[in-house]
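Student: Take this structure first; my questions come after.
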Amino acid sequence: MFSRLGRSFYRTAAWRVALRTTLVFAAGSAAVFLAMYFIVARTVRERSDSWLTGESETLRQVALSTPRDALYDRIVEEVAELATQEFSWEGGEPTAANTVFFAQTGDSSRPPVWVGPANSTVFLNALGAMDIPPRHAVTLRVSGFREAFRVVSVDVGPGAGRIYLGLLDRSAEHLLRQLLLRFFLGWVFMVAFGFLLTLFGLRRMLRRVDAITGAAASIRTDDLSTRVPVGSQHDEIARLAGTFNNMLDRITASVNQLRTLTDSVAHDLKSPITSVRGSLEIALSLEDREQSHELMASAIENLDRLSEVITTSLDLAEADGGALRLRRVPIDLSDLVHRVAELYAPAFADHHQQLTVSAPDQVRIVADLSLSTRLLSNLMENELRYAGSGAHVSIAVSSSEANACLTVEDNGPGFSADLLPRVLQRFVKGQDSQGHGLGLAFVNAVAHAHAGRALARNRATGGAQIVVEFPLAGADPLTKDDRQPDNLLTSP
């Protein structure tokens, strides 16, 4: 059990991030502690070297001022002993707290003057084997001593040899070892405490990420109500939770729209399919070819309506998802309006409606020609169905500094009060409507796909008004050869 828990713990992101952070912190703090230790060690060494240099110069002056007679050695030894008493040593044993030695060599007629541990031979041999520059403290290794001595030498004068003064400051060495040990223990504690603190903070933070993961894993297609608590902290995790909740809201809205779409399409397609099937069955059972042809023509008309509903529904779904494919070309909106109005003029005459067009020359936009044509066709069909017999319908094209404006209005009954706020939405239609509620929704989707907008409202004097805005094109004016041929305009 513990092995499984251990393996799962080591696989967590908190463990890896905390470990990496701790390693960086450990390296940085170790560098700081070592730098502090070396600074202290250098300060201690400079103190010892300063004492050695000063005392060696004092002993040199004593040696120079003392007559070289039978009492010379005795006087120099006594002065050296007084100087070395500042750093005590116990009977010359290397176990003493501090060890100091004095030696004067170089005069072959006299034995070396020695003050220090009893085994002077090892010291003199070590001094003789090493070339020590005058008045410079150097490190000297002596057999039998684990620690190194700091030694300073000075020349007494011609024929008087050289004075050596050495110091093994065991108290300072002990201090440095204790300081290094404390630095090490403090470093270990800081690293361990920093690791645990970082690990705790990361695990606490990543629990909120786990909550988001758990919420995502618990989402089902039949239940999208799960939300992640954002909390009171306004940090990156809170923003992630908020973004996740917003994404769930958009997914819920999309799923609801999809369900509404499928339900509405299924309802709207049921009648045309039933009608087509019935017409074809009757046509097969009749012997009258003329009546059979009429039924088959009716079935084809219903199939065309069915194809239109499917095509428009798919285009609206793509527009809502931001995936509507646009083949943008330069278009003269005024010219396009004139040509579509000319195409629909017979239909308006059949409905006893009067159609007028007011469109100045060359109002240019860059848009998808097929979608723009279908947009105008849907506006025309809407007027034919709902403006009423004898209505006056006007289409106007205008332009401002940045937009081209297409306005379609009539003097019919207008939009009902409950329908007006939702008239540009999908599957929204009046109670007596025979359509599918997709025409104006398609107009709105095409306008937004071209970075424009669509507005629907009632006129103050009565009737409906629909306004569609497109951004004006920044391209050069179209020439006659650039205009689209008439055969690209087809009736809806």
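Letters A, B, ... go to the chains of the structure tokens in the order shown; residues in each chain start at 1; ligands are counted from 1 in the same order.
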Within 9 Å of A:Leu165, counting only C-alpha atoms, which residues show up once you throw out same-chain ones fewer than 2 positions away? Write them as a list in words, please.
Tutor: Leu52, Thr53, Glu55, Ser56, Val100, Phe101, Phe102, Ala103, Gln104, Arg150, Val151, Val152, Ser153, Val154, Ile163 and Leu167 of chain A
Student: Could you take the residues named above and write them with C-alpha atoms, as a PDB file, in the first residue's frame?
Tutor:
```pdb
ATOM      1  CA  LEU A  52      53.212  36.958  12.541  1.00  0.00           C
ATOM      2  CA  THR A  53      54.463  39.829  10.401  1.00  0.00           C
ATOM      3  CA  GLU A  55      56.135  39.938  15.776  1.00  0.00           C
ATOM      4  CA  SER A  56      58.746  38.757  13.279  1.00  0.00           C
ATOM      5  CA  VAL A 100      54.016  28.805  18.101  1.00  0.00           C
ATOM      6  CA  PHE A 101      57.654  28.342  17.178  1.00  0.00           C
ATOM      7  CA  PHE A 102      60.602  30.670  16.659  1.00  0.00           C
ATOM      8  CA  ALA A 103      63.778  29.750  14.804  1.00  0.00           C
ATOM      9  CA  GLN A 104      66.879  31.671  13.781  1.00  0.00           C
ATOM     10  CA  ARG A 150      51.441  29.818   8.894  1.00  0.00           C
ATOM     11  CA  VAL A 151      55.089  30.978   8.731  1.00  0.00           C
ATOM     12  CA  VAL A 152      56.730  34.362   8.132  1.00  0.00           C
ATOM     13  CA  SER A 153      60.480  34.807   7.577  1.00  0.00           C
ATOM     14  CA  VAL A 154      62.679  37.894   7.805  1.00  0.00           C
ATOM     15  CA  ILE A 163      64.345  34.426  11.557  1.00  0.00           C
ATOM     16  CA  LEU A 167      51.847  29.762  14.204  1.00  0.00           C
TER      17      LEU A 167
END
```
Student: Residues near stretch 116-127 of chain A, anyone? I mean within 8 Å using only C-alpha atoms, not counting same-chain ones fewer than 2 positions away, as a PyMOL selection string.
Tutor: chain A and resi 91-93+99-102+114+129-132+140-143
Student: Based on DSSP run over this structure's backbone, return all residues of stretch 174-228 of chain A in helix (DSSP H, G or I), as a PyMOL selection string.
Tutor: chain A and resi 174-218
Student: Counting only C-alpha atoms, what is within 10 Å of A:Leu333, bar same-chain residues fewer than 6 positions away, as a VMD selection string?
Tutor: chain A and resid 339 359 to 367 369 372 to 373 397 to 398 404 to 406 470 472
Student: Name all residues at most 9 Å from A:Arg459 (count only C-alpha atoms; drop same-chain ones fewer than 2 positions away) and give them as a PyMOL selection string.
Tutor: chain A and resi 409-411+414+457+461-465
Student: Write out the residues from the selection above, keeping N, CA and C atoms, as a tab-separated table (two decimals), in the first residue's frame.
Tutor:
```
chain	number	residue	atom	x	y	z
A	409	GLU	N	-37.82	48.04	-46.05
A	409	GLU	CA	-38.94	48.39	-45.19
A	409	GLU	C	-40.24	48.32	-45.97
A	410	ASP	N	-41.32	48.19	-45.21
A	410	ASP	CA	-42.65	48.12	-45.83
A	410	ASP	C	-43.64	48.83	-44.94
A	411	ASN	N	-44.87	48.93	-45.45
A	411	ASN	CA	-45.95	49.55	-44.67
A	411	ASN	C	-46.97	48.52	-44.25
A	414	GLY	N	-45.98	44.83	-39.75
A	414	GLY	CA	-44.81	44.88	-38.88
A	414	GLY	C	-44.68	43.63	-38.02
A	457	ARG	N	-36.72	46.19	-36.72
A	457	ARG	CA	-37.55	47.05	-35.88
A	457	ARG	C	-38.83	47.42	-36.63
A	461	THR	N	-44.35	54.89	-38.34
A	461	THR	CA	-45.57	55.10	-39.12
A	461	THR	C	-46.25	53.79	-39.49
A	462	GLY	N	-45.71	52.66	-39.00
A	462	GLY	CA	-46.30	51.36	-39.28
A	462	GLY	C	-45.48	50.59	-40.29
A	463	GLY	N	-45.40	49.31	-40.10
A	463	GLY	CA	-44.62	48.47	-40.97
A	463	GLY	C	-43.31	48.03	-40.35
A	464	ALA	N	-42.62	47.16	-41.05
A	464	ALA	CA	-41.36	46.60	-40.57
A	464	ALA	C	-40.18	47.22	-41.31
A	465	GLN	N	-39.06	47.23	-40.64
A	465	GLN	CA	-37.82	47.74	-41.24
A	465	GLN	C	-36.67	46.82	-40.82
```
Student: Report as a tab-separated table: every residue of stretch 115-207 of chain A with an atom at most 7 Å from stretch 20-28 of chain A, its closest pair of atoms, and their distance in Å to one decimal, counting only C-alpha atoms, with rows sorted by chain and ascending residue number.
Tutor:
```
residue	atom	partner	partner_atom	distance
A:Val191	CA	A:Ala26	CA	5.8
A:Gly194	CA	A:Thr22	CA	6.7
A:Phe195	CA	A:Thr22	CA	5.5
```
Student: Give me, as a ChimeraX atom specification, the residues of stretch 124-300 of chain A that a backbone DSSP run labels strand (DSSP E).
Tutor: /A:138-140,149-157,161-169
Student: Between atom CA of A:Ala447 and atom CA of A:Leu303, what is the distance, to one decimal in Å?
Tutor: 27.6 Å
Student: Between atom CA of A:Leu240 and atom CA of A:Ile212, what is the distance in Å, rounded to a tenth?
Tutor: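 Spanning atom CA of A:Leu240 to atom CA of A:Ile212 is a straight-line distance of 8.6 Å.
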